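For reference, work_23.pdb is printed below; it contains PDB, C-alpha atoms.
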ATOM      1  CA  MET A   1       0.000   0.000   0.000  1.00  0.00           C
ATOM      2  CA  ASP A   2       1.301   3.397  -0.839  1.00  0.00           C
ATOM      3  CA  LYS A   3       1.561   6.410   1.416  1.00  0.00           C
ATOM      4  CA  GLN A   4      -1.398   8.129  -0.264  1.00  0.00           C
ATOM      5  CA  ARG A   5      -3.702   5.196   0.539  1.00  0.00           C
ATOM      6  CA  GLU A   6      -2.464   5.159   4.134  1.00  0.00           C
ATOM      7  CA  GLN A   7      -3.261   8.860   4.472  1.00  0.00           C
ATOM      8  CA  GLU A   8      -6.742   8.327   3.013  1.00  0.00           C
ATOM      9  CA  LEU A   9      -7.427   5.488   5.444  1.00  0.00           C
ATOM     10  CA  LEU A  10      -6.159   7.521   8.389  1.00  0.00           C
ATOM     11  CA  MET A  11      -8.401  10.440   7.436  1.00  0.00           C
ATOM     12  CA  GLN A  12     -11.390   8.120   7.028  1.00  0.00           C
ATOM     13  CA  ALA A  13     -10.656   6.475  10.368  1.00  0.00           C
ATOM     14  CA  SER A  14     -10.350   9.857  12.060  1.00  0.00           C
ATOM     15  CA  LEU A  15     -13.674  11.023  10.623  1.00  0.00           C
ATOM     16  CA  LEU A  16     -15.393   7.769  11.600  1.00  0.00           C
ATOM     17  CA  GLU A  17     -13.989   8.007  15.117  1.00  0.00           C
ATOM     18  CA  LYS A  18     -15.208  11.607  15.458  1.00  0.00           C
ATOM     19  CA  ASN A  19     -18.675  10.673  14.163  1.00  0.00           C
ATOM     20  CA  SER A  20     -18.738   7.664  16.456  1.00  0.00           C
ATOM     21  CA  GLN A  21     -17.954   9.772  19.526  1.00  0.00           C
ATOM     22  CA  GLU A  22     -20.553  12.416  18.626  1.00  0.00           C
ATOM     23  CA  THR A  23     -23.188   9.738  18.028  1.00  0.00           C
ATOM     24  CA  ALA A  24     -22.370   8.042  21.339  1.00  0.00           C
ATOM     25  CA  GLN A  25     -22.863  11.396  23.105  1.00  0.00           C
ATOM     26  CA  GLN A  26     -26.221  11.876  21.389  1.00  0.00           C
ATOM     27  CA  ILE A  27     -27.294   8.368  22.394  1.00  0.00           C
ATOM     28  CA  GLU A  28     -26.310   9.116  25.994  1.00  0.00           C
ATOM     29  CA  TYR A  29     -28.342  12.350  25.900  1.00  0.00           C
ATOM     30  CA  PHE A  30     -31.428  10.550  24.531  1.00  0.00           C
ATOM     31  CA  GLU A  31     -31.096   7.819  27.156  1.00  0.00           C
ATOM     32  CA  LYS A  32     -30.993  10.459  29.904  1.00  0.00           C
ATOM     33  CA  GLU A  33     -34.055  12.214  28.469  1.00  0.00           C
ATOM     34  CA  ILE A  34     -35.950   8.907  28.217  1.00  0.00           C
ATOM     35  CA  LEU A  35     -35.143   8.113  31.864  1.00  0.00           C
ATOM     36  CA  GLU A  36     -36.339  11.555  32.988  1.00  0.00           C
ATOM     37  CA  LEU A  37     -39.563  11.251  30.999  1.00  0.00           C
ATOM     38  CA  ASP A  38     -40.139   7.755  32.355  1.00  0.00           C
ATOM     39  CA  ALA A  39     -39.704   9.049  35.919  1.00  0.00           C
ATOM     40  CA  MET A  40     -42.118  11.883  35.177  1.00  0.00           C
ATOM     41  CA  HIS A  41     -44.646   9.374  33.813  1.00  0.00           C
ATOM     42  CA  LYS A  42     -44.374   7.300  37.003  1.00  0.00           C
ATOM     43  CA  ASN A  43     -44.726  10.424  39.152  1.00  0.00           C
ATOM     44  CA  LEU A  44     -47.890  11.378  37.283  1.00  0.00           C
ATOM     45  CA  SER A  45     -49.262   7.885  37.905  1.00  0.00           C
ATOM     46  CA  SER A  46     -48.690   8.290  41.633  1.00  0.00           C
ATOM     47  CA  LEU A  47     -50.328  11.709  41.541  1.00  0.00           C
ATOM     48  CA  ASP A  48     -53.327  10.202  39.823  1.00  0.00           C
ATOM     49  CA  GLU A  49     -53.619   7.555  42.546  1.00  0.00           C
ATOM     50  CA  GLY A  50     -53.096  10.038  45.393  1.00  0.00           C
ATOM     51  CA  LYS A  51     -55.710  12.643  44.498  1.00  0.00           C
ATOM     52  CA  GLY A  52     -57.078  14.229  47.649  1.00  0.00           C
ATOM     53  CA  LYS A  53     -54.320  12.806  49.853  1.00  0.00           C
ATOM     54  CA  GLU A  54     -51.616  14.883  51.469  1.00  0.00           C
ATOM     55  CA  SER A  55     -48.122  14.498  50.057  1.00  0.00           C
ATOM     56  CA  ILE A  56     -44.731  16.156  50.145  1.00  0.00           C
ATOM     57  CA  SER A  57     -43.759  18.064  46.988  1.00  0.00           C
ATOM     58  CA  SER A  58     -40.245  19.097  46.049  1.00  0.00           C
ATOM     59  CA  LEU A  59     -39.570  22.733  45.299  1.00  0.00           C
ATOM     60  CA  GLY A  60     -35.981  21.888  44.312  1.00  0.00           C
ATOM     61  CA  LYS A  61     -32.568  21.783  45.993  1.00  0.00           C
ATOM     62  CA  GLY A  62     -33.769  19.919  49.090  1.00  0.00           C
ATOM     63  CA  LEU A  63     -36.754  22.175  49.731  1.00  0.00           C
ATOM     64  CA  TYR A  64     -40.158  20.494  50.225  1.00  0.00           C
ATOM     65  CA  VAL A  65     -43.693  21.556  51.023  1.00  0.00           C
ATOM     66  CA  ARG A  66     -46.751  19.623  52.167  1.00  0.00           C
ATOM     67  CA  SER A  67     -49.400  19.661  49.468  1.00  0.00           C
ATOM     68  CA  GLN A  68     -52.669  18.123  48.436  1.00  0.00           C
ATOM     69  CA  LEU A  69     -53.820  17.530  44.867  1.00  0.00           C
ATOM     70  CA  GLN A  70     -57.327  18.921  44.494  1.00  0.00           C
ATOM     71  CA  ASP A  71     -58.092  17.791  40.932  1.00  0.00           C
ATOM     72  CA  ASP A  72     -56.503  15.798  38.126  1.00  0.00           C
ATOM     73  CA  ASN A  73     -55.014  18.757  36.248  1.00  0.00           C
ATOM     74  CA  VAL A  74     -51.382  19.740  35.889  1.00  0.00           C
ATOM     75  CA  LEU A  75     -49.825  22.804  34.296  1.00  0.00           C
ATOM     76  CA  VAL A  76     -47.561  21.961  31.350  1.00  0.00           C
ATOM     77  CA  HIS A  77     -44.871  24.393  30.202  1.00  0.00           C
ATOM     78  CA  VAL A  78     -45.141  24.657  26.405  1.00  0.00           C
ATOM     79  CA  GLY A  79     -42.485  27.330  25.856  1.00  0.00           C
ATOM     80  CA  ALA A  80     -42.213  31.117  25.998  1.00  0.00           C
ATOM     81  CA  ASN A  81     -43.320  31.029  29.668  1.00  0.00           C
ATOM     82  CA  ILE A  82     -46.730  29.683  28.671  1.00  0.00           C
ATOM     83  CA  LEU A  83     -48.453  27.094  30.871  1.00  0.00           C
ATOM     84  CA  VAL A  84     -51.326  24.951  29.598  1.00  0.00           C
ATOM     85  CA  LYS A  85     -53.739  23.102  31.877  1.00  0.00           C
ATOM     86  CA  LYS A  86     -53.957  19.374  31.023  1.00  0.00           C
ATOM     87  CA  ASN A  87     -55.402  16.438  32.848  1.00  0.00           C
ATOM     88  CA  ILE A  88     -53.026  13.778  34.079  1.00  0.00           C
ATOM     89  CA  SER A  89     -54.180  11.181  31.558  1.00  0.00           C
ATOM     90  CA  ASP A  90     -53.551  13.458  28.556  1.00  0.00           C
ATOM     91  CA  THR A  91     -50.206  14.533  29.975  1.00  0.00           C
ATOM     92  CA  LYS A  92     -49.147  10.900  30.368  1.00  0.00           C
ATOM     93  CA  LYS A  93     -50.071  10.269  26.714  1.00  0.00           C
ATOM     94  CA  VAL A  94     -47.926  13.197  25.586  1.00  0.00           C
ATOM     95  CA  ILE A  95     -45.010  11.865  27.644  1.00  0.00           C
ATOM     96  CA  GLU A  96     -45.473   8.379  26.164  1.00  0.00           C
ATOM     97  CA  GLU A  97     -45.335   9.893  22.668  1.00  0.00           C
ATOM     98  CA  GLN A  98     -42.145  11.780  23.553  1.00  0.00           C
ATOM     99  CA  ILE A  99     -40.566   8.604  24.941  1.00  0.00           C
ATOM    100  CA  ASN A 100     -41.539   6.750  21.762  1.00  0.00           C
ATOM    101  CA  LYS A 101     -39.999   9.428  19.502  1.00  0.00           C
ATOM    102  CA  LEU A 102     -36.807   9.541  21.543  1.00  0.00           C
ATOM    103  CA  SER A 103     -36.582   5.737  21.542  1.00  0.00           C
ATOM    104  CA  HIS A 104     -36.863   5.657  17.735  1.00  0.00           C
ATOM    105  CA  ALA A 105     -34.199   8.352  17.422  1.00  0.00           C
ATOM    106  CA  ARG A 106     -31.969   6.415  19.823  1.00  0.00           C
ATOM    107  CA  ALA A 107     -32.429   3.222  17.774  1.00  0.00           C
ATOM    108  CA  TYR A 108     -31.486   5.094  14.592  1.00  0.00           C
ATOM    109  CA  LEU A 109     -28.363   6.480  16.270  1.00  0.00           C
ATOM    110  CA  LEU A 110     -27.411   3.011  17.499  1.00  0.00           C
ATOM    111  CA  GLU A 111     -27.594   1.782  13.897  1.00  0.00           C
ATOM    112  CA  ARG A 112     -25.377   4.686  12.790  1.00  0.00           C
ATOM    113  CA  LEU A 113     -22.906   3.925  15.566  1.00  0.00           C
ATOM    114  CA  GLU A 114     -22.768   0.306  14.458  1.00  0.00           C
ATOM    115  CA  LEU A 115     -22.014   1.422  10.879  1.00  0.00           C
ATOM    116  CA  TYR A 116     -19.236   3.733  12.072  1.00  0.00           C
ATOM    117  CA  ASN A 117     -17.715   0.952  14.154  1.00  0.00           C
ATOM    118  CA  LYS A 118     -17.897  -1.471  11.220  1.00  0.00           C
ATOM    119  CA  GLY A 119     -16.174   1.108   9.027  1.00  0.00           C
ATOM    120  CA  LEU A 120     -13.415   1.505  11.602  1.00  0.00           C
ATOM    121  CA  HIS A 121     -13.062  -2.264  11.831  1.00  0.00           C
ATOM    122  CA  ASP A 122     -12.770  -2.546   8.039  1.00  0.00           C
ATOM    123  CA  ILE A 123     -10.089   0.140   7.942  1.00  0.00           C
ATOM    124  CA  MET A 124      -8.130  -1.627  10.688  1.00  0.00           C
ATOM    125  CA  GLN A 125      -8.326  -4.869   8.732  1.00  0.00           C
ATOM    126  CA  GLU A 126      -7.040  -3.153   5.616  1.00  0.00           C
ATOM    127  CA  PHE A 127      -4.140  -1.746   7.604  1.00  0.00           C
ATOM    128  CA  GLY A 128      -3.473  -5.239   8.953  1.00  0.00           C
ATOM    129  CA  ASN A 129      -3.229  -6.612   5.441  1.00  0.00           C
ATOM    130  CA  LEU A 130      -0.360  -4.255   4.574  1.00  0.00           C
TER     131      LEU A 130
END

Kindly transcribe the structure held in the file into structure tokens.
Amino acid sequence: MDKQREQELLMQASLLEKNSQETAQQIEYFEKEILELDAMHKNLSSLDEGKGKESISSLGKGLYVRSQLQDDNVLVHVGANILVKKNISDTKKVIEEQINKLSHARAYLLERLELYNKGLHDIMQEFGNL
């Protein structure tokens, strides 16, 4: 193999490695988002079951307040500081849809990552045959 081919393979390997790392980071981000949405879905289920009962609600950073859910509505932030009233059931459906979309995106990225890794493997084999 000549030096030009070696340079081409090294550049391809470098690009594949960069793409692989970026894709792995995106997968990690989607997995984190899916976990957060799943936790939110479970929390909404417990709210639905505990209507009318007293509970402890987090205000953030270790600060809690006693509260009682009066109805089955929650306020959903939809952007630009706008809150929309939704019932728990509809909110859970929206979260399920978001989880589904993120799961499909994650699956696509896993396929891409597999292709990048196969490409790297093929380049390493070609280098081994020199």

Ground truth for the PyMOL selection byres ((chain A and resi 4-15) around 12), written as number ranges by chain: A: 1-3, 16-22, 116-130

Expected selection from the PyMOL selection byres ((chain A and resi 28-38) around 8), given as JSON, numbers by chain: {"A": [24, 25, 26, 27, 39, 40, 41, 42, 95, 98, 99, 102, 103, 105, 106]}

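With all atoms listed in the file taken into account, the protein and nucleic acid residues at most 12 Å from segment 70-87 of chain A (excluding it and anything under 6 positions from it in its own chain) are Asn43, Leu44, Ser45, Ser46, Leu47, Asp48, Glu49, Gly50, Lys51, Gly52, Lys53, Glu54, Ser55, Lys93, Val94 and Ile95 of chain A.
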
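Computed from the coordinates, the atom CA of His104 of chain A to atom CA of Ser89 of chain A distance equals 22.8 Å.
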
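Atom CA of Ile88 of chain A to atom CA of Ile56 of chain A spans 18.2 Å [interatomic distance, one decimal].
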
Å distance separating atom CA of Leu113 of chain A from atom CA of Thr23 of chain A, one decimal place: 6.3 Å

Which centre and which edge lengths, in Å to one decimal, describe the axis-aligned box that holds all listed atoms of segment 84-90 of chain A after 5 Å is added on each side, as AutoDock Vina command-line options?
--center_x -53.4 --center_y 18.1 --center_z 31.3 --size_x 14.1 --size_y 23.8 --size_z 15.5
